[in-house]
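Data block for entry22.cif (mmCIF, C-alpha atoms):
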```cif
data_coords
loop_
_atom_site.group_PDB
_atom_site.id
_atom_site.type_symbol
_atom_site.label_atom_id
_atom_site.label_comp_id
_atom_site.auth_asym_id
_atom_site.auth_seq_id
_atom_site.Cartn_x
_atom_site.Cartn_y
_atom_site.Cartn_z
ATOM 1 C CA MET A 474 -116.855 -40.464 -18.269
ATOM 2 C CA SER A 475 -117.928 -39.834 -14.737
ATOM 3 C CA SER A 476 -114.494 -40.906 -13.410
ATOM 4 C CA ASN A 477 -112.684 -38.391 -15.649
ATOM 5 C CA ALA A 478 -115.067 -35.683 -14.549
ATOM 6 C CA ASP A 479 -114.210 -36.313 -10.889
ATOM 7 C CA LEU A 480 -110.485 -35.615 -11.516
ATOM 8 C CA GLN A 481 -109.443 -32.054 -10.593
ATOM 9 C CA LEU A 482 -107.266 -30.081 -12.989
ATOM 10 C CA VAL A 483 -104.067 -28.606 -11.410
ATOM 11 C CA PRO A 484 -102.931 -25.241 -12.776
ATOM 12 C CA GLU A 485 -99.613 -25.147 -14.571
ATOM 13 C CA THR A 486 -98.225 -22.394 -12.341
ATOM 14 C CA LEU A 487 -98.806 -24.527 -9.253
ATOM 15 C CA LEU A 488 -97.057 -27.475 -10.877
ATOM 16 C CA LYS A 489 -94.095 -25.258 -11.709
ATOM 17 C CA LYS A 490 -93.894 -24.002 -8.098
ATOM 18 C CA ARG A 491 -93.937 -27.579 -6.805
ATOM 19 C CA HIS A 492 -91.176 -28.507 -9.232
ATOM 20 C CA ASP A 493 -89.024 -25.559 -8.159
ATOM 21 C CA LEU A 494 -89.591 -26.386 -4.497
ATOM 22 C CA ASP A 495 -88.542 -30.003 -5.039
ATOM 23 C CA ALA A 496 -85.413 -28.862 -6.866
ATOM 24 C CA LEU A 497 -84.562 -26.458 -4.009
ATOM 25 C CA LYS A 498 -84.980 -29.218 -1.413
ATOM 26 C CA ALA A 499 -82.736 -31.529 -3.447
ATOM 27 C CA SER A 500 -79.994 -28.905 -3.753
ATOM 28 C CA ARG A 501 -80.099 -28.173 -0.015
ATOM 29 C CA ALA A 502 -79.898 -31.872 0.778
ATOM 30 C CA ALA A 503 -76.851 -32.188 -1.490
ATOM 31 C CA GLN A 504 -75.173 -29.235 0.259
ATOM 32 C CA GLU A 505 -75.816 -30.789 3.668
ATOM 33 C CA LEU A 506 -74.215 -34.010 2.500
ATOM 34 C CA LYS A 507 -71.137 -32.102 1.334
ATOM 35 C CA ARG A 508 -70.878 -30.219 4.615
ATOM 36 C CA GLY A 509 -71.217 -33.429 6.575
ATOM 37 C CA SER A 510 -68.441 -35.062 4.596
ATOM 38 C CA ARG A 511 -66.203 -32.030 5.149
ATOM 39 C CA LYS A 512 -66.808 -32.093 8.894
ATOM 40 C CA ARG A 513 -66.059 -35.790 9.030
ATOM 41 C CA SER A 514 -62.872 -35.313 7.063
ATOM 42 C CA LYS A 515 -61.694 -32.528 9.410
ATOM 43 C CA THR A 516 -62.344 -34.576 12.504
ATOM 44 C CA ASP A 517 -60.964 -37.795 11.044
ATOM 45 C CA LYS A 518 -58.210 -39.062 13.331
ATOM 46 C CA ASN A 519 -56.506 -41.002 10.545
ATOM 47 C CA GLN A 520 -56.035 -37.872 8.430
ATOM 48 C CA VAL A 521 -52.368 -37.080 7.780
ATOM 49 C CA LYS A 522 -51.235 -33.451 7.822
ATOM 50 C CA VAL A 523 -48.205 -32.715 5.682
ATOM 51 C CA VAL A 524 -45.845 -29.967 6.895
ATOM 52 C CA ARG A 525 -43.062 -28.684 4.703
ATOM 53 C CA PRO A 526 -39.500 -29.058 6.036
ATOM 54 C CA GLU A 527 -38.790 -25.336 5.552
ATOM 55 C CA THR A 528 -41.800 -24.522 7.730
ATOM 56 C CA ILE A 529 -40.384 -26.662 10.535
ATOM 57 C CA LEU A 530 -36.994 -24.945 10.187
ATOM 58 C CA ILE A 531 -38.544 -21.462 10.272
ATOM 59 C CA GLN A 532 -40.573 -22.288 13.386
ATOM 60 C CA ALA A 533 -37.519 -23.755 15.111
ATOM 61 C CA ARG A 534 -35.472 -20.644 14.266
ATOM 62 C CA GLN A 535 -38.155 -18.306 15.630
ATOM 63 C CA ARG A 536 -38.514 -20.429 18.759
ATOM 64 C CA ARG A 537 -34.750 -20.324 19.304
ATOM 65 C CA LYS A 538 -34.627 -16.527 18.897
ATOM 66 C CA SER A 539 -37.494 -16.078 21.352
ATOM 67 C CA GLN A 540 -35.730 -18.287 23.878
ATOM 68 C CA ILE A 541 -32.470 -16.324 23.472
ATOM 69 C CA ARG A 542 -34.332 -13.051 24.108
ATOM 70 C CA PHE A 543 -36.115 -14.535 27.135
ATOM 71 C CA ASN A 544 -32.812 -15.695 28.678
ATOM 72 C CA ARG A 545 -31.130 -12.337 28.002
ATOM 73 C CA VAL A 546 -33.930 -10.298 29.600
ATOM 74 C CA ASN A 547 -34.163 -12.717 32.510
ATOM 75 C CA LYS A 548 -30.429 -12.383 33.190
ATOM 76 C CA LYS A 549 -29.589 -8.782 32.296
ATOM 77 C CA GLY A 550 -32.990 -7.062 32.212
ATOM 78 C CA MET A 551 -34.202 -4.665 29.508
ATOM 79 C CA GLN A 552 -31.062 -2.484 29.876
ATOM 80 C CA LYS A 553 -31.560 0.648 27.706
ATOM 81 C CA ARG A 554 -34.725 -0.671 26.047
ATOM 82 C CA ALA A 555 -36.874 0.397 29.015
ATOM 83 C CA SER A 556 -36.504 3.448 31.215
ATOM 84 C CA ASN A 557 -36.700 3.295 35.000
ATOM 85 C CA LYS A 558 -38.220 6.797 35.075
ATOM 86 C CA SER A 559 -41.575 8.072 33.915
ATOM 87 C CA VAL A 560 -41.220 9.435 30.361
ATOM 88 C CA VAL A 561 -43.561 12.258 29.309
ATOM 89 C CA LYS A 562 -44.047 12.963 25.597
ATOM 90 C CA THR A 563 -46.221 15.372 23.637
ATOM 91 C CA LYS A 564 -48.429 14.889 20.602
ATOM 92 C CA VAL A 565 -50.259 17.315 18.325
ATOM 93 C CA TRP A 566 -54.043 16.851 18.243
ATOM 94 C CA ASP A 567 -56.304 18.355 15.557
ATOM 95 C CA ASN A 568 -59.734 19.127 17.027
ATOM 96 C CA SER A 569 -61.297 19.772 13.618
ATOM 97 C CA LYS A 570 -60.450 16.253 12.389
ATOM 98 C CA ASP A 571 -60.499 14.644 15.854
ATOM 99 C CA GLU A 572 -57.239 12.804 15.199
ATOM 100 C CA GLU A 573 -53.538 12.986 15.875
ATOM 101 C CA VAL A 574 -51.341 14.719 13.296
ATOM 102 C CA GLU A 575 -47.629 14.438 12.732
ATOM 103 C CA GLU A 576 -45.498 17.200 14.187
ATOM 104 C CA THR A 577 -43.929 19.084 11.275
ATOM 105 C CA ALA A 578 -42.182 22.435 10.951
ATOM 106 C CA GLU A 579 -45.565 24.149 10.701
ATOM 107 C CA THR A 580 -46.915 22.544 13.873
ATOM 108 C CA HIS A 581 -43.671 22.550 15.844
ATOM 109 C CA ASP A 582 -44.428 25.707 17.817
ATOM 110 C CA ILE A 583 -48.184 26.218 17.925
ATOM 111 C CA SER A 584 -48.011 29.063 20.386
ATOM 112 C CA ASN A 585 -45.829 31.101 18.013
ATOM 113 C CA ALA A 586 -48.107 30.292 15.077
ATOM 114 C CA LYS A 587 -51.103 31.776 16.872
ATOM 115 C CA ARG A 588 -49.388 35.122 17.422
ATOM 116 C CA GLY A 589 -49.623 37.490 14.460
ATOM 117 C CA ASP A 590 -48.567 41.038 13.649
ATOM 118 C CA ASP A 591 -50.901 43.876 12.666
ATOM 119 C CA GLY A 592 -49.304 44.118 9.241
ATOM 120 C CA ALA A 593 -49.775 40.434 8.394
ATOM 121 C CA SER A 594 -51.456 39.563 5.130
ATOM 122 C CA ASP A 595 -54.798 37.791 4.709
ATOM 123 C CA SER A 596 -53.074 34.530 3.884
ATOM 124 C CA GLY A 597 -51.152 34.752 7.132
ATOM 125 C CA ASP A 598 -54.396 35.300 9.022
ATOM 126 C CA ASN A 599 -55.946 32.240 7.421
ATOM 127 C CA ALA A 600 -52.898 30.166 8.305
ATOM 128 C CA GLY A 601 -53.103 31.376 11.895
ATOM 129 C CA GLY A 602 -56.799 30.472 12.003
ATOM 130 C CA SER A 603 -56.053 26.918 10.912
ATOM 131 C CA GLN A 604 -53.600 26.573 13.792
ATOM 132 C CA GLU A 605 -56.335 27.269 16.341
ATOM 133 C CA SER A 606 -57.594 23.675 16.092
ATOM 134 C CA LEU A 607 -54.158 22.223 16.904
ATOM 135 C CA HIS A 608 -53.222 21.523 20.503
ATOM 136 C CA LYS A 609 -50.250 19.893 22.153
ATOM 137 C CA ILE A 610 -51.151 17.149 24.630
ATOM 138 C CA SER A 611 -48.710 15.696 27.146
ATOM 139 C CA TYR A 612 -48.959 12.013 28.003
ATOM 140 C CA ARG A 613 -46.927 9.315 29.729
ATOM 141 C CA SER A 614 -45.327 6.950 27.231
ATOM 142 C CA ASN A 615 -44.511 4.255 29.806
ATOM 143 C CA SER A 616 -46.128 2.813 32.926
ATOM 144 C CA VAL A 617 -43.388 3.624 35.458
ATOM 145 C CA GLY A 618 -44.872 5.070 38.627
ATOM 146 C CA CYS A 619 -48.410 3.758 38.159
ATOM 147 C CA THR A 620 -50.106 1.168 40.368
ATOM 148 C CA THR A 621 -52.285 -0.748 37.878
ATOM 149 C CA VAL A 622 -51.811 -1.822 34.264
ATOM 150 C CA PHE A 623 -54.077 -3.595 31.807
ATOM 151 C CA ALA A 624 -52.377 -6.253 29.650
ATOM 152 C CA VAL A 625 -53.745 -7.885 26.471
ATOM 153 C CA LEU A 626 -52.338 -10.929 24.647
ATOM 154 C CA ILE A 627 -51.951 -9.899 20.986
ATOM 155 C CA ARG A 628 -49.727 -12.656 19.530
ATOM 156 C CA PRO A 629 -50.548 -16.367 19.055
ATOM 157 C CA THR A 630 -48.624 -18.762 21.294
ATOM 158 C CA VAL A 631 -48.354 -21.836 19.088
ATOM 159 C CA ASN A 632 -45.415 -23.599 17.389
ATOM 160 C CA THR A 633 -42.965 -20.691 17.592
ATOM 161 C CA THR A 634 -43.370 -19.878 21.304
ATOM 162 C CA PRO A 635 -40.931 -21.369 23.864
ATOM 163 C CA ARG A 636 -42.311 -23.174 26.876
ATOM 164 C CA THR A 637 -40.834 -20.593 29.254
ATOM 165 C CA VAL A 638 -42.824 -17.816 27.557
ATOM 166 C CA LYS A 639 -46.027 -19.872 27.722
ATOM 167 C CA THR A 640 -45.451 -20.511 31.425
ATOM 168 C CA THR A 641 -44.958 -16.794 32.110
ATOM 169 C CA LEU A 642 -48.118 -15.892 30.172
ATOM 170 C CA THR A 643 -50.054 -18.513 32.150
ATOM 171 C CA ARG A 644 -48.845 -16.971 35.409
ATOM 172 C CA LEU A 645 -50.173 -13.638 34.136
ATOM 173 C CA ARG A 646 -53.522 -15.379 33.307
ATOM 174 C CA LEU A 647 -53.103 -14.615 29.580
ATOM 175 C CA ARG A 648 -53.994 -17.863 27.837
ATOM 176 C CA ARG A 649 -55.995 -16.844 24.740
ATOM 177 C CA MET A 650 -55.669 -14.251 22.010
ATOM 178 C CA GLN A 651 -57.284 -10.853 22.723
ATOM 179 C CA GLU A 652 -57.763 -11.627 26.423
ATOM 180 C CA GLY A 653 -56.957 -8.862 28.899
ATOM 181 C CA VAL A 654 -56.358 -8.768 32.655
ATOM 182 C CA PHE A 655 -55.646 -6.152 35.299
ATOM 183 C CA LEU A 656 -52.262 -6.476 37.001
ATOM 184 C CA PRO A 657 -50.612 -4.669 39.920
ATOM 185 C CA TYR A 658 -47.569 -2.903 38.525
ATOM 186 C CA ASN A 659 -44.802 -3.858 40.933
ATOM 187 C CA SER A 660 -41.226 -5.021 40.375
ATOM 188 C CA MET A 661 -42.173 -8.692 39.924
ATOM 189 C CA THR A 662 -45.018 -8.001 37.483
ATOM 190 C CA ARG A 663 -42.870 -5.543 35.540
ATOM 191 C CA LYS A 664 -40.134 -8.115 34.999
ATOM 192 C CA MET A 665 -42.664 -10.744 33.889
ATOM 193 C CA LEU A 666 -44.140 -8.292 31.389
ATOM 194 C CA HIS A 667 -40.651 -7.506 30.081
ATOM 195 C CA LEU A 668 -40.013 -11.224 29.559
ATOM 196 C CA VAL A 669 -43.100 -11.625 27.350
ATOM 197 C CA GLU A 670 -43.188 -8.085 25.924
ATOM 198 C CA PRO A 671 -43.366 -9.094 22.203
ATOM 199 C CA TYR A 672 -46.586 -10.993 22.923
ATOM 200 C CA VAL A 673 -48.509 -8.459 25.035
ATOM 201 C CA LEU A 674 -49.777 -4.900 24.860
ATOM 202 C CA TYR A 675 -50.103 -3.121 28.192
ATOM 203 C CA GLY A 676 -50.438 0.345 29.647
ATOM 204 C CA ILE A 677 -52.151 2.610 32.164
ATOM 205 C CA PRO A 678 -55.969 2.455 32.072
ATOM 206 C CA SER A 679 -57.957 5.483 33.185
ATOM 207 C CA THR A 680 -60.882 5.261 35.592
ATOM 208 C CA GLU A 681 -63.324 5.843 32.733
ATOM 209 C CA THR A 682 -61.753 3.044 30.676
ATOM 210 C CA ILE A 683 -61.876 0.659 33.637
ATOM 211 C CA ALA A 684 -65.568 1.426 34.159
ATOM 212 C CA ASP A 685 -66.321 0.772 30.465
ATOM 213 C CA LEU A 686 -64.438 -2.532 30.576
ATOM 214 C CA VAL A 687 -66.239 -3.798 33.665
ATOM 215 C CA ARG A 688 -69.700 -2.734 32.504
ATOM 216 C CA ARG A 689 -69.449 -3.767 28.847
ATOM 217 C CA ARG A 690 -67.151 -6.825 28.944
ATOM 218 C CA GLY A 691 -67.242 -7.777 32.618
ATOM 219 C CA PHE A 692 -67.751 -11.430 33.601
ATOM 220 C CA CYS A 693 -67.143 -12.968 37.004
ATOM 221 C CA ARG A 694 -66.138 -16.354 38.369
ATOM 222 C CA VAL A 695 -68.951 -18.038 40.329
ATOM 223 C CA GLU A 696 -68.260 -21.593 41.515
ATOM 224 C CA GLY A 697 -65.536 -21.935 38.905
ATOM 225 C CA LYS A 698 -67.834 -20.972 36.006
ATOM 226 C CA ARG A 699 -67.969 -17.865 33.813
ATOM 227 C CA SER A 700 -71.008 -15.819 34.773
ATOM 228 C CA PRO A 701 -72.090 -12.320 33.614
ATOM 229 C CA LEU A 702 -72.185 -9.393 36.013
ATOM 230 C CA ALA A 703 -75.956 -9.161 35.829
ATOM 231 C CA ASP A 704 -76.495 -7.259 39.081
ATOM 232 C CA ASN A 705 -74.735 -6.118 42.232
ATOM 233 C CA ASN A 706 -76.066 -9.049 44.258
ATOM 234 C CA VAL A 707 -73.374 -11.300 42.775
ATOM 235 C CA ILE A 708 -70.641 -8.860 43.842
ATOM 236 C CA GLU A 709 -72.069 -8.491 47.338
ATOM 237 C CA ARG A 710 -72.358 -12.262 47.756
ATOM 238 C CA GLU A 711 -68.806 -12.995 46.596
ATOM 239 C CA LEU A 712 -66.896 -9.911 47.851
ATOM 240 C CA GLY A 713 -69.092 -8.609 50.628
ATOM 241 C CA ASP A 714 -66.595 -9.773 53.260
ATOM 242 C CA VAL A 715 -64.073 -7.143 52.051
ATOM 243 C CA GLY A 716 -66.649 -4.344 51.788
ATOM 244 C CA LEU A 717 -67.337 -4.441 48.023
ATOM 245 C CA ILE A 718 -71.026 -4.429 47.077
ATOM 246 C CA CYS A 719 -71.329 -2.825 43.606
ATOM 247 C CA VAL A 720 -69.570 -2.208 40.289
ATOM 248 C CA GLU A 721 -68.374 1.232 41.409
ATOM 249 C CA ASP A 722 -66.453 -0.416 44.249
ATOM 250 C CA LEU A 723 -64.727 -2.739 41.773
ATOM 251 C CA VAL A 724 -63.745 0.211 39.574
ATOM 252 C CA GLN A 725 -62.323 2.078 42.563
ATOM 253 C CA VAL A 726 -60.287 -0.927 43.679
ATOM 254 C CA LEU A 727 -58.894 -1.549 40.177
ATOM 255 C CA SER A 728 -57.968 2.104 39.669
ATOM 256 C CA ASN A 729 -56.509 2.713 43.141
ATOM 257 C CA VAL A 730 -55.257 -0.815 43.969
ATOM 258 C CA GLY A 731 -57.505 -1.241 46.996
ATOM 259 C CA SER A 732 -59.320 1.021 49.400
ATOM 260 C CA ASP A 733 -57.842 2.978 52.289
ATOM 261 C CA GLY A 734 -55.450 0.918 54.355
ATOM 262 C CA GLY A 735 -52.004 -0.613 54.306
ATOM 263 C CA GLU A 736 -50.217 -1.987 51.275
ATOM 264 C CA ASP A 737 -50.864 -5.583 52.366
ATOM 265 C CA ASP A 738 -54.602 -4.911 52.639
ATOM 266 C CA GLN A 739 -54.641 -3.186 49.255
ATOM 267 C CA SER A 740 -52.809 -6.002 47.478
ATOM 268 C CA GLU A 741 -55.038 -8.597 49.146
ATOM 269 C CA ILE A 742 -58.260 -6.845 48.068
ATOM 270 C CA PHE A 743 -56.886 -6.273 44.560
ATOM 271 C CA GLY A 744 -55.973 -9.956 44.290
ATOM 272 C CA LYS A 745 -59.474 -11.018 45.317
ATOM 273 C CA VAL A 746 -61.062 -8.669 42.763
ATOM 274 C CA THR A 747 -58.847 -9.838 39.888
ATOM 275 C CA LYS A 748 -59.490 -13.472 40.818
ATOM 276 C CA PHE A 749 -63.229 -12.773 40.945
ATOM 277 C CA LEU A 750 -63.230 -11.147 37.485
ATOM 278 C CA TRP A 751 -62.891 -13.449 34.481
ATOM 279 C CA PRO A 752 -60.259 -12.381 31.900
ATOM 280 C CA PHE A 753 -61.809 -9.808 29.557
ATOM 281 C CA GLN A 754 -62.466 -11.148 26.052
ATOM 282 C CA LEU A 755 -61.846 -8.314 23.580
ATOM 283 C CA THR A 756 -61.914 -8.034 19.796
ATOM 284 C CA ALA A 757 -58.951 -7.603 17.463
ATOM 285 C CA ARG A 758 -58.030 -4.069 16.391
ATOM 286 C CA LYS A 759 -57.893 -5.214 12.766
ATOM 287 C CA SER A 760 -60.419 -7.608 11.200
ATOM 288 C CA LYS A 761 -59.437 -10.627 9.097
ATOM 289 C CA PHE A 762 -60.463 -8.754 5.941
ATOM 290 C CA GLN A 763 -58.196 -5.831 6.836
ATOM 291 C CA ARG A 764 -55.252 -8.080 7.697
ATOM 292 C CA ARG A 765 -55.467 -10.470 4.740
ATOM 293 C CA MET A 766 -56.987 -8.463 1.896
ATOM 294 C CA LEU A 767 -55.918 -4.902 2.745
ATOM 295 C CA ASP A 768 -52.629 -5.964 4.400
ATOM 296 C CA MET A 769 -53.308 -3.727 7.423
ATOM 297 C CA LYS A 770 -51.200 -5.081 10.277
ATOM 298 C CA ASP A 771 -50.261 -3.780 13.705
ATOM 299 C CA GLY A 772 -46.558 -4.126 12.948
ATOM 300 C CA LYS A 773 -44.355 -3.237 15.906
ATOM 301 C CA LEU A 774 -47.224 -2.303 18.193
ATOM 302 C CA TYR A 775 -46.486 -4.188 21.400
ATOM 303 C CA GLY A 776 -45.112 -3.656 24.869
ATOM 304 C CA ASP A 777 -45.565 -0.707 27.218
ATOM 305 C CA GLN A 778 -47.809 2.015 25.771
ATOM 306 C CA GLY A 779 -48.435 4.158 28.863
ATOM 307 C CA ASP A 780 -51.493 6.418 28.653
ATOM 308 C CA ALA A 781 -51.977 5.538 24.958
ATOM 309 C CA MET A 782 -53.368 2.163 26.086
ATOM 310 C CA ASN A 783 -56.755 3.825 26.678
ATOM 311 C CA GLY A 784 -57.199 4.436 22.951
ATOM 312 C CA TYR A 785 -56.271 0.852 22.085
ATOM 313 C CA ILE A 786 -58.724 -0.517 24.656
ATOM 314 C CA ARG A 787 -61.550 1.540 23.140
ATOM 315 C CA GLU A 788 -60.743 0.047 19.733
ATOM 316 C CA MET A 789 -60.958 -3.478 21.187
ATOM 317 C CA LEU A 790 -64.221 -2.996 23.090
#
```

In structure tokens, what does this structure look like?
Amino acid sequence: MSSNADLQLVPETLLKKRHDLDALKASRAAQELKRGSRKRSKTDKNQVKVVRPETILIQARQRRKSQIRFNRVNKKGMQKRASNKSVVKTKVWDNSKDEEVEETAETHDISNAKRGDDGASDSGDNAGGSQESLHKISYRSNSVGCTTVFAVLIRPTVNTTPRTVKTTLTRLRLRRMQEGVFLPYNSMTRKMLHLVEPYVLYGIPSTETIADLVRRRGFCRVEGKRSPLADNNVIERELGDVGLICVEDLVQVLSNVGSDGGEDDQSEIFGKVTKFLWPFQLTARKSKFQRRMLDMKDGKLYGDQGDAMNGYIREML
């Protein structure tokens, strides 16, 4: 009797909690086992991957077409597909919606729409008032005449990419998707960009955009390793011999292709700065959900974008 009295009674609610906790631990252990088996199966060297014959034919056809385009551009150039002069275009911007609108018959001549007669009706006055938020903005649609461009790799370079295109992208330091680099826009760089134009997006970055890139996504190369631009001491230690001691100096060099001096000095300083900066790792303009579920794709957005590149860079930051 005394032994039974010494036993402590456990409440039923506590027993139920212990049972639920044991069941939760068992389910988590089972999930870990499944995950471990999946990881082992993915990394199993003896696993055989089956590729359909039509997939191989499609990849070979795309690779052959890319090689034909590369050889044509390398031999004859872009011909009429790229202008040798700076092209200036205009777009209509709606300040009320803060977005670009298509130029229609109503927005074709904004200056005429703003002018009204004294005998105009109230509806005409309202229509004229709506035109006050529309403005025409001129911008350069290509990069001819500029000194610096920013290029981003926007297409994958696997299976369907010829080796010549991969070699050219490597020379431009574009090795991974959504990586961007600053390039001096001279005749040699322009031809290389034309050769790989379907795979890259490039244009003229403004000084403000360059400053945002360096401050928000800037990493440097220190002893061959990727290191963040934590302070100006790193810049002064690595580039102090050419007179660069802070981030503002880097922005000035990238926007003006070097400080005051001859062209050789400018190109040399610009080369040191681009070698010091690690390629910028940006984000995709469209997420996986938008591309797969909503079928929102960039389409034919590639190549030289001119001043419009600033808007695309802000979307990728």

Around the point (-77.1, -3.6, 42.2) in the file's coordinates, collect all residues with an atom within 8 Å, using all atoms listed in the file, and return them as a list in words.
Asp704, Asn705, Asn706, Ile718, Cys719 and Val720 of chain A

Distance criterion (only C-alpha atoms): nearest to Gly676 of chain A out of A:Arg613, A:Lys664, A:Arg491, A:Arg689
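Of A:Arg613, A:Lys664, A:Arg491, A:Arg689, the one nearest Gly676 of chain A, counting only C-alpha atoms, is A:Arg613.
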
Between A:Gly716, A:Pro678, A:Pro635, A:Gly776, which has the minimum distance to Val622 of chain A (counting all atoms listed in the file)?
A:Pro678

Nearest candidate to Asp777 of chain A (options A:Ile610, A:Val707, A:Ile627, A:Val673; using all atoms listed in the file):
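Using all atoms listed in the file, Asp777 of chain A sits closest to A:Val673.
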
Contacts of segment 552-564 of chain A at 6 Å (only C-alpha atoms; same-chain gap of 6+ positions) as a list in words
Lys609, Ile610, Ser611, Tyr612, Arg613, Ser614 and Val617 of chain A

Residues returned when the PyMOL selection byres ((chain A and resi 789) around 10) runs on this file, as a list in words:
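So the PyMOL selection byres ((chain A and resi 789) around 10), applied here, picks out Val625, Gln651, Gln754, Leu755, Thr756, Ala757, Arg758, Lys759, Gly784, Tyr785, Ile786, Arg787, Glu788 and Leu790 of chain A.
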
Got a sec: who's within 12 Å of Lys745 of chain A, counting all atoms listed in the file, leaving out chain neighbours fewer than 3 positions off, as number ranges by chain?
A: 655-656, 693-694, 708, 711-717, 723, 726-727, 730-731, 738-742, 748-751

Residues from last step as file, C-alpha atoms, as a PDB file, keeping the file's coordinate frame:
```pdb
ATOM      1  CA  PHE A 655     -55.646  -6.152  35.299  1.00  0.00           C
ATOM      2  CA  LEU A 656     -52.262  -6.476  37.001  1.00  0.00           C
ATOM      3  CA  CYS A 693     -67.143 -12.968  37.004  1.00  0.00           C
ATOM      4  CA  ARG A 694     -66.138 -16.354  38.369  1.00  0.00           C
ATOM      5  CA  ILE A 708     -70.641  -8.860  43.842  1.00  0.00           C
ATOM      6  CA  GLU A 711     -68.806 -12.995  46.596  1.00  0.00           C
ATOM      7  CA  LEU A 712     -66.896  -9.911  47.851  1.00  0.00           C
ATOM      8  CA  GLY A 713     -69.092  -8.609  50.628  1.00  0.00           C
ATOM      9  CA  ASP A 714     -66.595  -9.773  53.260  1.00  0.00           C
ATOM     10  CA  VAL A 715     -64.073  -7.143  52.051  1.00  0.00           C
ATOM     11  CA  GLY A 716     -66.649  -4.344  51.788  1.00  0.00           C
ATOM     12  CA  LEU A 717     -67.337  -4.441  48.023  1.00  0.00           C
ATOM     13  CA  LEU A 723     -64.727  -2.739  41.773  1.00  0.00           C
ATOM     14  CA  VAL A 726     -60.287  -0.927  43.679  1.00  0.00           C
ATOM     15  CA  LEU A 727     -58.894  -1.549  40.177  1.00  0.00           C
ATOM     16  CA  VAL A 730     -55.257  -0.815  43.969  1.00  0.00           C
ATOM     17  CA  GLY A 731     -57.505  -1.241  46.996  1.00  0.00           C
ATOM     18  CA  ASP A 738     -54.602  -4.911  52.639  1.00  0.00           C
ATOM     19  CA  GLN A 739     -54.641  -3.186  49.255  1.00  0.00           C
ATOM     20  CA  SER A 740     -52.809  -6.002  47.478  1.00  0.00           C
ATOM     21  CA  GLU A 741     -55.038  -8.597  49.146  1.00  0.00           C
ATOM     22  CA  ILE A 742     -58.260  -6.845  48.068  1.00  0.00           C
ATOM     23  CA  LYS A 748     -59.490 -13.472  40.818  1.00  0.00           C
ATOM     24  CA  PHE A 749     -63.229 -12.773  40.945  1.00  0.00           C
ATOM     25  CA  LEU A 750     -63.230 -11.147  37.485  1.00  0.00           C
ATOM     26  CA  TRP A 751     -62.891 -13.449  34.481  1.00  0.00           C
TER      27      TRP A 751
END
```

Supply segment 667-679 of chain A as a compact mmCIF listing (two decimals), in the frame of the given file, with N, CA and C atoms built in where the input has gaps.
```txt
# COMPACT_ATOMS: atom_id res chain seq x y z
N HIS A 667 -41.82 -7.69 30.95
CA HIS A 667 -40.65 -7.51 30.08
C HIS A 667 -40.24 -8.82 29.42
N LEU A 668 -40.39 -9.93 30.12
CA LEU A 668 -40.01 -11.22 29.56
C LEU A 668 -40.88 -11.61 28.38
N VAL A 669 -42.16 -11.24 28.41
CA VAL A 669 -43.10 -11.62 27.35
C VAL A 669 -43.57 -10.40 26.57
N GLU A 670 -42.77 -9.35 26.53
CA GLU A 670 -43.19 -8.09 25.92
C GLU A 670 -43.59 -8.20 24.45
N PRO A 671 -42.92 -9.01 23.61
CA PRO A 671 -43.37 -9.09 22.20
C PRO A 671 -44.75 -9.70 22.02
N TYR A 672 -45.30 -10.32 23.05
CA TYR A 672 -46.59 -10.99 22.92
C TYR A 672 -47.74 -10.21 23.55
N VAL A 673 -47.46 -9.16 24.30
CA VAL A 673 -48.51 -8.46 25.04
C VAL A 673 -48.48 -6.98 24.71
N LEU A 674 -49.61 -6.36 24.96
CA LEU A 674 -49.78 -4.90 24.86
C LEU A 674 -50.34 -4.43 26.19
N TYR A 675 -49.65 -3.54 26.87
CA TYR A 675 -50.10 -3.12 28.19
C TYR A 675 -49.84 -1.64 28.39
N GLY A 676 -50.57 -1.08 29.36
CA GLY A 676 -50.44 0.34 29.65
C GLY A 676 -51.30 0.74 30.83
N ILE A 677 -51.44 2.06 31.01
CA ILE A 677 -52.15 2.61 32.16
C ILE A 677 -53.60 2.87 31.78
N PRO A 678 -54.56 2.17 32.38
CA PRO A 678 -55.97 2.46 32.07
C PRO A 678 -56.50 3.57 32.97
N SER A 679 -57.32 4.44 32.39
CA SER A 679 -57.96 5.48 33.18
C SER A 679 -59.18 4.93 33.91
```
